[in-house]
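Single-structure report; data block below.
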Amino acid sequence: MAEDKTYQEPDIPKAFLKPYNADEHETRIYKLWQESGFFNPDNLPDRHKKPFTIVMPPPNANGNLHVGHALAITLEDIMIRFKRMQGFKTLWVPGADHAGFETQIVYEKKLEKEGRSRFKMDPQDLYKEILAFTLENKGTMEAQVRALGASCDWSREKFTLDPDVVAETHRTFKKMYDDGLVYRGSRIVNWCSKHATSLSDVETESKEKIDPFYYFKYGPFTIGTARPETKFGDKYVVMHPEDTRYAEYKQGQQIELEWINGPITATVIKDEAIDMEFGTGVMTITPWHDAVDFGIAERHKLDREQIIDMRGKLLPIAGEFAGMKITEARPKIVEKLKAKGLLVKVDEKYVHNVPVCYKCETAIEPQILPQWFVKMQPLAEKAIKAVEAGEVVFQPDNYRKIFLYWMNNTLDWNISRQIVWGIPIPAKICDSCSFAEPDLENTLTTCPKCKNMLRADTDTFDTWFSSGQWPLLSLSYSKGADWKSFYPTDVMETGSDLIFKWIPRMVIFGLYLVGKVPFHTVYLHGLVNDASGKKMSKSKGNVINPTDLIVKYGTDALRIGLIVGNTPGTDLSLSENKIKGYKNFGNKLWNITRFVLTSCQGMEKMTLDVPNKDILTDEDKKLISELHALVADATHDIEEYRFYLAAEKIYHYVWHTFADVIIEASKAKIAGADISAKQSCQYTLFYILITCVKLLHPFMPFVTETIWEHLPIADKQLLMIEKWPVLEEGSMK
RNA sequence: GCACCCUUAGCUCAGUUGGUAGAGCAUCUCAUUUACACUGAGAGGGUCGCAGGUUCGAGCCCUGCAGGGUGCACCA
């Protein structure tokens with residue numbers, strides 16, 4: 001800044017002779033900030049002592065940022081800039097996410113377009129291709145984060161596949177195995193037959209479907225089902241133990257009956273999972289392909305048999321239907337049962353919700369598979385305790401209830417994924433017996449139980465297994481003591497949709513690995529929808545690329561436009577008009593500066609202090625005390641995470657009090673003959689200007705820093721490290 | 001079915017501990033060689049979803065109801 005001479009000249013800098021043009025300044029200003037080194041807390045001046053840390057939720061490195069990212073980056077940057085100006089030793093750790101499953105899907109779509117398929121590729125080659133694709137997109141994503149003005153410490157940037165991240169994730173896996181918190185088991189999992197991988201319970205969505213609901217004669221019973229194609233192997237008939245209609249049938253009783261492919265022996269089971277109100281109150285079970293049935297089979301130690309293969313086709317047990325896709329087989333099976341006189345009736349319009357893959361909407365086919373699971377209950381208990389003790393608070397507060405609700409209803413977490421793009425699971429598996437064990441050093445070759453050859457697990461971890469440890473991993477907690485200054489972090493700011501997927505896992509891993517919660521405050525922002533409140537999606541064509549808005553209106557306008565009127569946890573309808581309005585605001589501030597500089601021409605260099613009372617008129621003293629009331633109010637709002645209110649109040653003051661009232665009234669004084677009134681007015685205008693510019697800096701960093709460059713102030717620094725306006729002792733109230 | 005949220009101006013939404021109903025956009029009128037290419041002054045517009053309750057006082061607290069949204073679980 002020293003080489004910039006314009007501010008030393010008494011004339012109005014030339015820059016102010018034309019409207020503010022964001023495009024001219026933003027790249028240069030960002031460079032100035034970055035070269036100053038102040039993004040890195042280690043380089044901040046001495047007054048910055050107490051750490052304030054945010055770990056950036058690493059954006060997916062598989063494409064462009066969307067406006068939701070722009071909102072997140074803005075919120076985080078507001079907190080960081082505010083705290084930095086207040087004198088905190090601020091650290092904001094940027095990152096990039098390889099985003100396992102999600103990126104692989106993006107890449108598979110690309111392959112599909114090229115007429116290729118991952119199922120015909122060598123996994124190693126596929127991995128290499130996706131890596132190259134990701135690294136290329138990582139650069140695009142980072143450039144967009146910079147364009148948003150993010151004052152994060154790039155020297156500490158982490159990628160979720162960095163070698164130390166992978167190594168540490170492996171160690172956690174081993175540690176959890178040794179502690180009995182990770183186990184390998186053949187359990188029912190959510191299987192997506194399109195992507196050919198299992199999914200966790202948070203990676204499925206439910207979709208309403210209308211299907212026929214069939215009633216079949218099953219020996220002396222009538223059973224109801226929407227899925228006749230799974231019924232080939234059904235040999236258990238289940239009813240509620242208290243159902244008086246079926247009191248004559250006893251647990252374990254065997255019944256001979258005629259079924260799809262001939263006579264079978266069915267066994268009566270009594271279980272409380274049965275809803276007496278539903279259907280006939282009797283059902284047969286298919287443990288291999290239904291979670292509830294699996295639970296019943298577990299409780300009663302029943303046989304299970306696979307009916308449907310991993311690509312969604314019927315197995316030989318289906319007899320003449322073997323090899324058919326289930327949708328194709330269903331009507332034919334019903335036809336056969338009808339021919340045998342076993343079809344009782346059909347409800348044509350049965351409305352139910354079926355789980356689907358959250359990415360491709362393919363119906364989830366539950367399957368029993370040997371996978372690695374995390375035992376959630378003991379971990380969830382700790383997380384519940386920590387949240388109940390107030391160690392983590394939520395903004396807005398109602399997410400606390402949602403967090404606790406989920407933690408109280410948690411299922412064991414399947415962490416195995418049958419995809420290549422991710423962190424490999426460092427384990428050895430015996431295909432001959434049930435042996436499986438983590439093997440970080442890659443030393444196990446033969447099974448200690450049955451002496452057969454072991455094979456390396458080809459699965460990768462669920463992305464959330466590593467990203468759940470992100471607050472620790474991103475601070476390189478395995479290396480050196482640096483992380484201890486910044487952990488636990490202060491705020492985790494992320495989308496409200498991650499309240500299940502991510503937040504609980506981070507709390508759990510933080511408590512498990514180092515005994516401390518990973519953050520004290522969780523700030524959750526809502527979705528950014530289009531102007532009519534509809535969710536942005538590629539298929540609707542209403543996706544807004546933040547870069548387009550930046551090009552049109554400038555980053556500052558986008559930032560404050562995303563903040564005003566946007567309460568935490570609530571979805572936002574984004575209209576371009578609003579952004580445009582804030583572009584005008586940037587220019588208003590620009591012109592205010594021009595007016596104040598013109599009015600102050602010929603004065604000595606100014607200081608940052610409150611003007612001396614002795615030279616101020618009573619009227620101006622009152623103006624300054626009103627300004628101080630705004631400072632106190634806005635500061636309080638920011639501290640309470642009410643950024644939408646702070647931004648609006650400052651905006652309103654600047655435009656409708658400072659510009660419309662104070663400046664209008666000042667014109668007569670500046671032109672008037674009363675020298676002391678003029679001087680008082682000049683000091684007052686200047687002081688109000690610098691205070692407003694400071695207050696706006698977290699929200700609109702570029703225009704405020706640009707203005708700051710041109711202000712005739714002695715001993716000034718970059719605005720980003722100037723002191724936040726403070727009402728010191730003795731200053732006018 | 002359960003949980004959570006929402007319902008305030010034409011639209012999008014604020015409204016902090018209960019103390020006279022707010023902003024932006026839109027509309028209308030007027031001004032404007034202006035610090036302002038992106039401006040100003042002013043106006044209209046609300047039974048705060050409905051019904052009760054607590055209170056000196058309720059948009060805010062309590063109960064019930066209705067409508068909308070989101071999430072979770074499903075019920076074979």
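Naming scheme: A, B, ... for chains in displayed order of the structure tokens; residues 1 onward per chain; ligands 1 onward as shown.
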*Residues of chain B within 10 Å of chain A, using only C-alpha atoms (C1' of nucleotides), as a list in words?*
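In the required form, that comes to A3, C4, C5, C6, C11, U12, C13, A14, U16, A23, G24, C25, A35, C36, A37, C38, U39, G40, U70, G71, C72, C74, C75 and A76 of chain B.
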_Which of region 131-213 of chain A end up as strand (DSSP E) when DSSP is run on this backbone - answer as a PyMOL selection string?_
chain A and resi 158-159+182-192+197-199+204-213
*Hey, can you check how far CA of Glu142 (chain A) sits from CA of Pro58 (chain A)?*
10.2 Å
*asked:* I'd like to know which residues of region 385-529 of chain A are helix (DSSP H, G or I) (by DSSP, run on the backbone); could you write them as a PyMOL selection string?
replied: chain A and resi 385-388+398-407+463-467+470-473+482-486+498-501+503-514
May I have the selected residues written with C-alpha atoms, as a PDB file, in the first residue's frame?
```pdb
ATOM      1  CA  LYS A 385     -24.147 -36.044  26.765  1.00  0.00           C
ATOM      2  CA  ALA A 386     -21.907 -33.362  25.281  1.00  0.00           C
ATOM      3  CA  VAL A 387     -24.785 -31.619  23.535  1.00  0.00           C
ATOM      4  CA  GLU A 388     -27.015 -31.846  26.578  1.00  0.00           C
ATOM      5  CA  ASN A 398     -34.162 -26.032  17.205  1.00  0.00           C
ATOM      6  CA  TYR A 399     -31.508 -28.098  15.432  1.00  0.00           C
ATOM      7  CA  ARG A 400     -30.430 -29.255  18.858  1.00  0.00           C
ATOM      8  CA  LYS A 401     -33.669 -31.224  19.113  1.00  0.00           C
ATOM      9  CA  ILE A 402     -33.192 -32.658  15.648  1.00  0.00           C
ATOM     10  CA  PHE A 403     -29.633 -33.663  16.518  1.00  0.00           C
ATOM     11  CA  LEU A 404     -30.708 -35.379  19.715  1.00  0.00           C
ATOM     12  CA  TYR A 405     -33.644 -37.088  18.053  1.00  0.00           C
ATOM     13  CA  TRP A 406     -31.346 -38.604  15.484  1.00  0.00           C
ATOM     14  CA  MET A 407     -28.684 -39.589  17.993  1.00  0.00           C
ATOM     15  CA  THR A 463     -16.831 -40.492   2.636  1.00  0.00           C
ATOM     16  CA  TRP A 464     -18.378 -39.477   5.939  1.00  0.00           C
ATOM     17  CA  PHE A 465     -16.036 -41.842   7.787  1.00  0.00           C
ATOM     18  CA  SER A 466     -13.084 -39.611   6.935  1.00  0.00           C
ATOM     19  CA  SER A 467     -14.933 -36.312   6.714  1.00  0.00           C
ATOM     20  CA  TRP A 470     -12.367 -33.420   9.367  1.00  0.00           C
ATOM     21  CA  PRO A 471     -11.955 -30.850  12.160  1.00  0.00           C
ATOM     22  CA  LEU A 472      -9.040 -32.912  13.451  1.00  0.00           C
ATOM     23  CA  LEU A 473      -7.665 -34.040  10.103  1.00  0.00           C
ATOM     24  CA  ASP A 482      -0.233 -26.576  16.178  1.00  0.00           C
ATOM     25  CA  TRP A 483      -3.727 -28.081  16.208  1.00  0.00           C
ATOM     26  CA  LYS A 484      -4.030 -27.711  19.955  1.00  0.00           C
ATOM     27  CA  SER A 485      -4.108 -23.918  19.634  1.00  0.00           C
ATOM     28  CA  PHE A 486      -7.065 -24.112  17.311  1.00  0.00           C
ATOM     29  CA  LEU A 498     -25.925 -31.920   6.917  1.00  0.00           C
ATOM     30  CA  ILE A 499     -27.443 -32.016  10.394  1.00  0.00           C
ATOM     31  CA  PHE A 500     -27.667 -35.810  10.047  1.00  0.00           C
ATOM     32  CA  LYS A 501     -25.021 -36.687   7.528  1.00  0.00           C
ATOM     33  CA  ILE A 503     -22.519 -32.888  12.196  1.00  0.00           C
ATOM     34  CA  PRO A 504     -23.150 -35.893  14.474  1.00  0.00           C
ATOM     35  CA  ARG A 505     -20.237 -37.829  12.992  1.00  0.00           C
ATOM     36  CA  MET A 506     -17.848 -34.959  13.683  1.00  0.00           C
ATOM     37  CA  VAL A 507     -19.035 -34.704  17.281  1.00  0.00           C
ATOM     38  CA  ILE A 508     -18.668 -38.458  17.702  1.00  0.00           C
ATOM     39  CA  PHE A 509     -15.172 -38.664  16.234  1.00  0.00           C
ATOM     40  CA  GLY A 510     -13.969 -35.588  18.106  1.00  0.00           C
ATOM     41  CA  LEU A 511     -15.082 -37.077  21.402  1.00  0.00           C
ATOM     42  CA  TYR A 512     -13.790 -40.522  20.537  1.00  0.00           C
ATOM     43  CA  LEU A 513     -10.364 -39.503  19.239  1.00  0.00           C
ATOM     44  CA  VAL A 514      -9.340 -36.640  21.522  1.00  0.00           C
TER      45      VAL A 514
END
```
*Please provide as JSON, numbers by chain all residues within 12 Å of Pro701 (chain A), with the sequence filter that same-chain residues fewer than 5 positions apart are discarded (counting only C-alpha atoms (C1' of nucleotides)).*
{"A": [22, 25, 26, 29, 30, 33, 74, 77, 78, 80, 81, 82, 147, 148, 149, 150, 151, 554, 555, 556, 557, 558, 559, 560, 586, 693, 694, 695, 696, 706, 707, 708, 718, 719, 720, 721]}
